[in-house]
Amino acid sequence: MSFKDFYDNQVRPKLAQEMKLANILSAPKIVKIVVNVGAGDATSNKKVLESIASELALITGQKPVITLARKSISAFKIRKGLPIGVKVTLRGKRMYVFLEKLIKIVLPRIRDFRGVKRQNFDGRGNLNIGIAEQTLFGEIEYDTIHKIRGLEITIVTNTQNNEQAEKLFKALGMPFAL
């Protein structure tokens, strides 16, 4: 059974009943997942973004987009419009495949992992998770990477507050810190 089927057949009805919702379709759901990798050293070496993009494509199964600096910061030698990162926005089937991989494989692999902190919610029900290295994903071979880089994962929900989103993530199996 796919993770989307698990959500549709088990999690959604359970949440609708738990929250006393009249319509099952108004139950909380995940809208999209954004995976972002920043590369400050891309200003000096253009090949860095290409290698990050290929790694991110392996991890997510989707072609990434290069992000540009929104403003100039002289201390970091960054000018407005300079390419400084790579991101992927996942929706639909790929989103559920990535979420299942994140919850069941990647998070348990983190050394000394005690669960996702509740401070990672933004107040509107979206969850932000920072992962220290891309080698936690099975698709990345340690010998092929040039530099260990972190990933920022933002999971966007249609909920209005953190409590509803936490119920959704707990039902999906997300491990939270005590």
# chains A, B, ... in the order shown; residues from 1 in each chain; ligands from 1
call {"tool": "residues_around", "arguments": {"residues": "Gly150 in chain A", "least_positions_apart": "3", "cutoff": "10 Å", "atoms": "only C-alpha atoms", "output": "VMD selection string"}}
result
chain A and resid 36 to 39 130 to 135 147 153
call {"tool": "write_last_selection", "arguments": {"atoms": "C-alpha atoms", "output": "mmCIF file, in the first residue's frame"}}
result
data_model
loop_
_atom_site.group_PDB
_atom_site.id
_atom_site.type_symbol
_atom_site.label_atom_id
_atom_site.label_comp_id
_atom_site.auth_asym_id
_atom_site.auth_seq_id
_atom_site.Cartn_x
_atom_site.Cartn_y
_atom_site.Cartn_z
ATOM 1 C CA ASN A 36 16.205 23.508 -0.340
ATOM 2 C CA VAL A 37 20.016 23.410 -0.374
ATOM 3 C CA GLY A 38 21.959 26.644 0.002
ATOM 4 C CA ALA A 39 25.468 26.929 -1.414
ATOM 5 C CA GLY A 130 16.940 20.673 8.866
ATOM 6 C CA ILE A 131 19.080 17.686 7.947
ATOM 7 C CA ALA A 132 22.826 18.042 8.504
ATOM 8 C CA GLU A 133 24.038 15.864 5.627
ATOM 9 C CA GLN A 134 22.713 14.498 2.348
ATOM 10 C CA THR A 135 24.395 11.111 2.875
ATOM 11 C CA LYS A 147 31.246 18.175 0.141
ATOM 12 C CA ILE A 153 12.836 20.553 4.255
#
call {"tool": "closest_atom_pairs", "arguments": {"of": "range 12-32 of chain A", "to": "range 90-110 of chain A", "cutoff": "10 Å", "atoms": "only C-alpha atoms", "output": "Markdown table"}}
result
| residue | atom | partner | partner_atom | distance |
| --- | --- | --- | --- | --- |
| A:Ile30 | CA | A:Met95 | CA | 8.8 |
| A:Val31 | CA | A:Arg91 | CA | 6.9 |
| A:Lys32 | CA | A:Arg91 | CA | 5.0 |
call {"tool": "write_last_selection", "arguments": {"atoms": "N, CA and C atoms", "output": "mmCIF file, in the first residue's frame"}}
result
data_model
loop_
_atom_site.group_PDB
_atom_site.id
_atom_site.type_symbol
_atom_site.label_atom_id
_atom_site.label_comp_id
_atom_site.auth_asym_id
_atom_site.auth_seq_id
_atom_site.Cartn_x
_atom_site.Cartn_y
_atom_site.Cartn_z
ATOM 1 N N ILE A 30 -1.343 17.430 3.627
ATOM 2 C CA ILE A 30 -0.092 18.049 3.208
ATOM 3 C C ILE A 30 -0.273 18.567 1.787
ATOM 4 N N VAL A 31 0.099 19.829 1.582
ATOM 5 C CA VAL A 31 -0.082 20.472 0.282
ATOM 6 C C VAL A 31 1.156 20.280 -0.593
ATOM 7 N N LYS A 32 2.341 20.557 -0.008
ATOM 8 C CA LYS A 32 3.582 20.423 -0.782
ATOM 9 C C LYS A 32 4.760 20.280 0.167
#
call {"tool": "select_by_dssp", "arguments": {"residues": "chain A", "states": "helix (DSSP H, G or I)", "output": "count of residues only"}}
result
78
call {"tool": "residues_around", "arguments": {"residues": "range 156-161 of chain A", "least_positions_apart": "6", "cutoff": "10 Å", "atoms": "only C-alpha atoms", "output": "list in words"}}
result
Ser26, Ala27, Pro28, Lys29, Ile30, Val31, Lys32, Ile33, Val34, Phe121, Asp122, Gly123, Arg124, Gly125, Asn126, Leu127, Asn128, Leu168 and Phe169 of chain A
call {"tool": "write_last_selection", "arguments": {"atoms": "N, CA and C atoms", "output": "compact mmCIF listing (two decimals), in the first residue's frame"}}
result
# COMPACT_ATOMS: atom_id res chain seq x y z
N SER A 26 -12.38 17.94 4.54
CA SER A 26 -11.85 19.11 5.24
C SER A 26 -10.80 18.73 6.29
N ALA A 27 -10.44 17.45 6.33
CA ALA A 27 -9.40 16.98 7.25
C ALA A 27 -8.05 17.57 6.82
N PRO A 28 -7.14 17.78 7.76
CA PRO A 28 -5.82 18.34 7.42
C PRO A 28 -5.08 17.45 6.43
N LYS A 29 -4.34 18.11 5.53
CA LYS A 29 -3.55 17.36 4.55
C LYS A 29 -2.28 18.13 4.22
N ILE A 30 -1.34 17.43 3.63
CA ILE A 30 -0.09 18.05 3.21
C ILE A 30 -0.27 18.57 1.79
N VAL A 31 0.10 19.83 1.58
CA VAL A 31 -0.08 20.47 0.28
C VAL A 31 1.16 20.28 -0.59
N LYS A 32 2.34 20.56 -0.01
CA LYS A 32 3.58 20.42 -0.78
C LYS A 32 4.76 20.28 0.17
N ILE A 33 5.88 19.81 -0.39
CA ILE A 33 7.13 19.72 0.35
C ILE A 33 8.20 20.44 -0.48
N VAL A 34 8.91 21.37 0.17
CA VAL A 34 9.98 22.10 -0.50
C VAL A 34 11.31 21.67 0.12
N PHE A 121 7.63 24.04 14.10
CA PHE A 121 6.41 24.54 13.46
C PHE A 121 6.48 26.05 13.36
N ASP A 122 5.86 26.62 12.33
CA ASP A 122 5.96 28.06 12.12
C ASP A 122 4.75 28.85 12.64
N GLY A 123 3.80 28.21 13.28
CA GLY A 123 2.63 28.93 13.78
C GLY A 123 1.42 28.79 12.88
N ARG A 124 1.63 28.40 11.65
CA ARG A 124 0.53 28.22 10.69
C ARG A 124 0.39 26.77 10.26
N GLY A 125 1.06 25.87 10.98
CA GLY A 125 0.92 24.45 10.69
C GLY A 125 1.94 23.88 9.74
N ASN A 126 2.94 24.66 9.35
CA ASN A 126 3.99 24.16 8.45
C ASN A 126 5.18 23.70 9.29
N LEU A 127 5.81 22.61 8.87
CA LEU A 127 6.91 22.02 9.62
C LEU A 127 8.21 22.19 8.86
N ASN A 128 9.25 22.68 9.55
CA ASN A 128 10.57 22.85 8.95
C ASN A 128 11.53 21.89 9.62
N LEU A 168 -1.90 15.71 12.48
CA LEU A 168 -1.70 15.13 11.14
C LEU A 168 -0.37 14.39 11.07
N PHE A 169 0.71 15.04 11.51
CA PHE A 169 2.03 14.41 11.42
C PHE A 169 2.16 13.20 12.33
call {"tool": "residues_around", "arguments": {"residues": "Asp41 in chain A", "least_positions_apart": "4", "cutoff": "12 Å", "atoms": "only C-alpha atoms", "output": "list in words"}}
result
Val37, Asn45, Lys46, Lys47, Val48, Leu49, Ile52, Phe76, Lys77, Ile78, Leu82, Pro83, Ile84, Gly85, Lys147 and Arg149 of chain A
call {"tool": "atom_distance", "arguments": {"atom1": "CA of Ala177 in chain A", "atom2": "CA of Glu139 in chain A"}}
result
27.0 Å
call {"tool": "closest_residue", "arguments": {"among": "A:Ala53, A:Leu58, A:Leu178, A:Ile155", "to": "Lys117 in chain A", "atoms": "only C-alpha atoms"}}
result
A:Leu178
call {"tool": "residues_around", "arguments": {"residues": "Ile145 in chain A", "least_positions_apart": "2", "cutoff": "9 Å", "atoms": "only C-alpha atoms", "output": "compact mmCIF listing (two decimals) with N, CA and C atoms, in the first residue's frame"}}
result
# COMPACT_ATOMS: atom_id res chain seq x y z
N SER A 51 26.50 19.92 -9.21
CA SER A 51 26.62 18.68 -8.42
C SER A 51 25.50 18.61 -7.38
N ILE A 52 25.16 19.75 -6.76
CA ILE A 52 24.06 19.77 -5.78
C ILE A 52 22.74 19.43 -6.47
N GLU A 55 22.50 15.70 -7.12
CA GLU A 55 22.22 14.97 -5.88
C GLU A 55 20.77 15.15 -5.45
N THR A 135 24.04 12.53 2.95
CA THR A 135 24.40 11.11 2.88
C THR A 135 23.41 10.22 3.63
N ILE A 140 22.34 8.55 -2.33
CA ILE A 140 23.63 9.24 -2.44
C ILE A 140 24.74 8.30 -1.98
N GLU A 141 25.71 8.08 -2.86
CA GLU A 141 26.88 7.28 -2.49
C GLU A 141 27.93 8.20 -1.90
N TYR A 142 28.48 7.79 -0.77
CA TYR A 142 29.42 8.64 -0.04
C TYR A 142 30.65 8.99 -0.87
N ASP A 143 31.10 8.08 -1.72
CA ASP A 143 32.32 8.29 -2.50
C ASP A 143 32.14 9.33 -3.60
N LYS A 147 31.29 17.51 -1.17
CA LYS A 147 31.25 18.17 0.14
C LYS A 147 29.93 17.80 0.82
N ILE A 148 29.98 17.60 2.13
CA ILE A 148 28.76 17.29 2.87
C ILE A 148 27.97 18.58 3.04
call {"tool": "closest_residue", "arguments": {"among": "A:Gly40, A:Phe113, A:Pro64, A:Tyr7", "to": "Ile24 in chain A", "atoms": "only C-alpha atoms"}}
result
A:Tyr7
call {"tool": "atom_distance", "arguments": {"atom1": "CA of Ala16 in chain A", "atom2": "CA of Met174 in chain A"}}
result
18.6 Å
call {"tool": "atom_distance", "arguments": {"atom1": "CA of Ile59 in chain A", "atom2": "CA of Phe3 in chain A"}}
result
17.2 Å
call {"tool": "closest_residue", "arguments": {"among": "A:Val35, A:Val11, A:Ala57, A:Leu68", "to": "Lys80 in chain A", "atoms": "only C-alpha atoms"}}
result
A:Leu68
call {"tool": "select_by_dssp", "arguments": {"residues": "chain A", "states": "strand (DSSP E)", "output": "mmCIF file with N, CA and C atoms, in the first residue's frame"}}
result
data_model
loop_
_atom_site.group_PDB
_atom_site.id
_atom_site.type_symbol
_atom_site.label_atom_id
_atom_site.label_comp_id
_atom_site.auth_asym_id
_atom_site.auth_seq_id
_atom_site.Cartn_x
_atom_site.Cartn_y
_atom_site.Cartn_z
ATOM 1 N N ILE A 30 -1.343 17.430 3.627
ATOM 2 C CA ILE A 30 -0.092 18.049 3.208
ATOM 3 C C ILE A 30 -0.273 18.567 1.787
ATOM 4 N N VAL A 31 0.099 19.829 1.582
ATOM 5 C CA VAL A 31 -0.082 20.472 0.282
ATOM 6 C C VAL A 31 1.156 20.280 -0.593
ATOM 7 N N LYS A 32 2.341 20.557 -0.008
ATOM 8 C CA LYS A 32 3.582 20.423 -0.782
ATOM 9 C C LYS A 32 4.760 20.280 0.167
ATOM 10 N N ILE A 33 5.876 19.811 -0.387
ATOM 11 C CA ILE A 33 7.133 19.717 0.351
ATOM 12 C C ILE A 33 8.199 20.435 -0.476
ATOM 13 N N VAL A 34 8.909 21.370 0.170
ATOM 14 C CA VAL A 34 9.982 22.105 -0.495
ATOM 15 C C VAL A 34 11.309 21.670 0.116
ATOM 16 N N VAL A 35 12.218 21.180 -0.733
ATOM 17 C CA VAL A 35 13.549 20.774 -0.287
ATOM 18 C C VAL A 35 14.538 21.791 -0.857
ATOM 19 N N ASN A 36 15.323 22.417 0.043
ATOM 20 C CA ASN A 36 16.205 23.508 -0.340
ATOM 21 C C ASN A 36 17.624 23.220 0.127
ATOM 22 N N VAL A 37 18.600 23.518 -0.742
ATOM 23 C CA VAL A 37 20.016 23.410 -0.374
ATOM 24 C C VAL A 37 20.669 24.730 -0.747
ATOM 25 N N GLY A 38 21.243 25.393 0.248
ATOM 26 C CA GLY A 38 21.959 26.644 0.002
ATOM 27 C C GLY A 38 23.429 26.361 -0.225
ATOM 28 N N VAL A 65 15.416 23.412 -9.271
ATOM 29 C CA VAL A 65 15.491 24.757 -9.831
ATOM 30 C C VAL A 65 16.601 25.501 -9.096
ATOM 31 N N ILE A 66 17.392 26.277 -9.821
ATOM 32 C CA ILE A 66 18.451 27.067 -9.194
ATOM 33 C C ILE A 66 17.827 28.356 -8.660
ATOM 34 N N THR A 67 18.120 28.677 -7.391
ATOM 35 C CA THR A 67 17.578 29.886 -6.777
ATOM 36 C C THR A 67 18.611 31.001 -6.843
ATOM 37 N N LEU A 68 18.116 32.223 -6.972
ATOM 38 C CA LEU A 68 18.978 33.394 -7.092
ATOM 39 C C LEU A 68 18.887 34.252 -5.833
ATOM 40 N N PRO A 83 23.308 33.123 -8.609
ATOM 41 C CA PRO A 83 22.795 31.808 -8.201
ATOM 42 C C PRO A 83 23.470 31.335 -6.912
ATOM 43 N N ILE A 84 22.664 31.038 -5.864
ATOM 44 C CA ILE A 84 23.244 30.658 -4.569
ATOM 45 C C ILE A 84 22.617 29.402 -3.961
ATOM 46 N N GLY A 85 21.704 28.758 -4.645
ATOM 47 C CA GLY A 85 21.087 27.572 -4.058
ATOM 48 C C GLY A 85 20.279 26.786 -5.068
ATOM 49 N N VAL A 86 19.735 25.667 -4.582
ATOM 50 C CA VAL A 86 18.938 24.772 -5.415
ATOM 51 C C VAL A 86 17.731 24.335 -4.600
ATOM 52 N N LYS A 87 16.557 24.283 -5.240
ATOM 53 C CA LYS A 87 15.368 23.820 -4.517
ATOM 54 C C LYS A 87 14.472 22.987 -5.416
ATOM 55 N N VAL A 88 13.645 22.163 -4.749
ATOM 56 C CA VAL A 88 12.666 21.323 -5.438
ATOM 57 C C VAL A 88 11.347 21.459 -4.681
ATOM 58 N N THR A 89 10.260 21.640 -5.409
ATOM 59 C CA THR A 89 8.927 21.647 -4.805
ATOM 60 C C THR A 89 8.211 20.375 -5.240
ATOM 61 N N LEU A 90 7.871 19.534 -4.259
ATOM 62 C CA LEU A 90 7.222 18.255 -4.537
ATOM 63 C C LEU A 90 5.735 18.342 -4.229
ATOM 64 N N LEU A 127 5.807 22.615 8.872
ATOM 65 C CA LEU A 127 6.909 22.021 9.623
ATOM 66 C C LEU A 127 8.212 22.190 8.858
ATOM 67 N N ASN A 128 9.247 22.682 9.546
ATOM 68 C CA ASN A 128 10.569 22.854 8.954
ATOM 69 C C ASN A 128 11.534 21.893 9.619
ATOM 70 N N ILE A 129 12.246 21.124 8.795
ATOM 71 C CA ILE A 129 13.212 20.157 9.302
ATOM 72 C C ILE A 129 14.549 20.415 8.611
ATOM 73 N N GLY A 130 15.596 20.522 9.409
ATOM 74 C CA GLY A 130 16.940 20.673 8.866
ATOM 75 C C GLY A 130 17.687 19.363 9.003
ATOM 76 N N ILE A 131 18.299 18.921 7.927
ATOM 77 C CA ILE A 131 19.080 17.686 7.947
ATOM 78 C C ILE A 131 20.527 18.071 7.681
ATOM 79 N N LEU A 151 20.369 19.965 4.200
ATOM 80 C CA LEU A 151 19.123 20.173 3.460
ATOM 81 C C LEU A 151 18.116 20.846 4.390
ATOM 82 N N GLU A 152 17.301 21.712 3.845
ATOM 83 C CA GLU A 152 16.190 22.292 4.584
ATOM 84 C C GLU A 152 14.911 21.764 3.953
ATOM 85 N N ILE A 153 14.076 21.128 4.759
ATOM 86 C CA ILE A 153 12.836 20.553 4.255
ATOM 87 C C ILE A 153 11.674 21.277 4.908
ATOM 88 N N THR A 154 10.793 21.854 4.096
ATOM 89 C CA THR A 154 9.603 22.529 4.592
ATOM 90 C C THR A 154 8.386 21.754 4.124
ATOM 91 N N ILE A 155 7.578 21.286 5.073
ATOM 92 C CA ILE A 155 6.362 20.548 4.750
ATOM 93 C C ILE A 155 5.186 21.482 4.995
ATOM 94 N N VAL A 156 4.496 21.850 3.923
ATOM 95 C CA VAL A 156 3.403 22.818 3.980
ATOM 96 C C VAL A 156 2.072 22.072 4.068
ATOM 97 N N THR A 157 1.261 22.439 5.059
ATOM 98 C CA THR A 157 -0.054 21.821 5.241
ATOM 99 C C THR A 157 -1.156 22.853 5.013
#
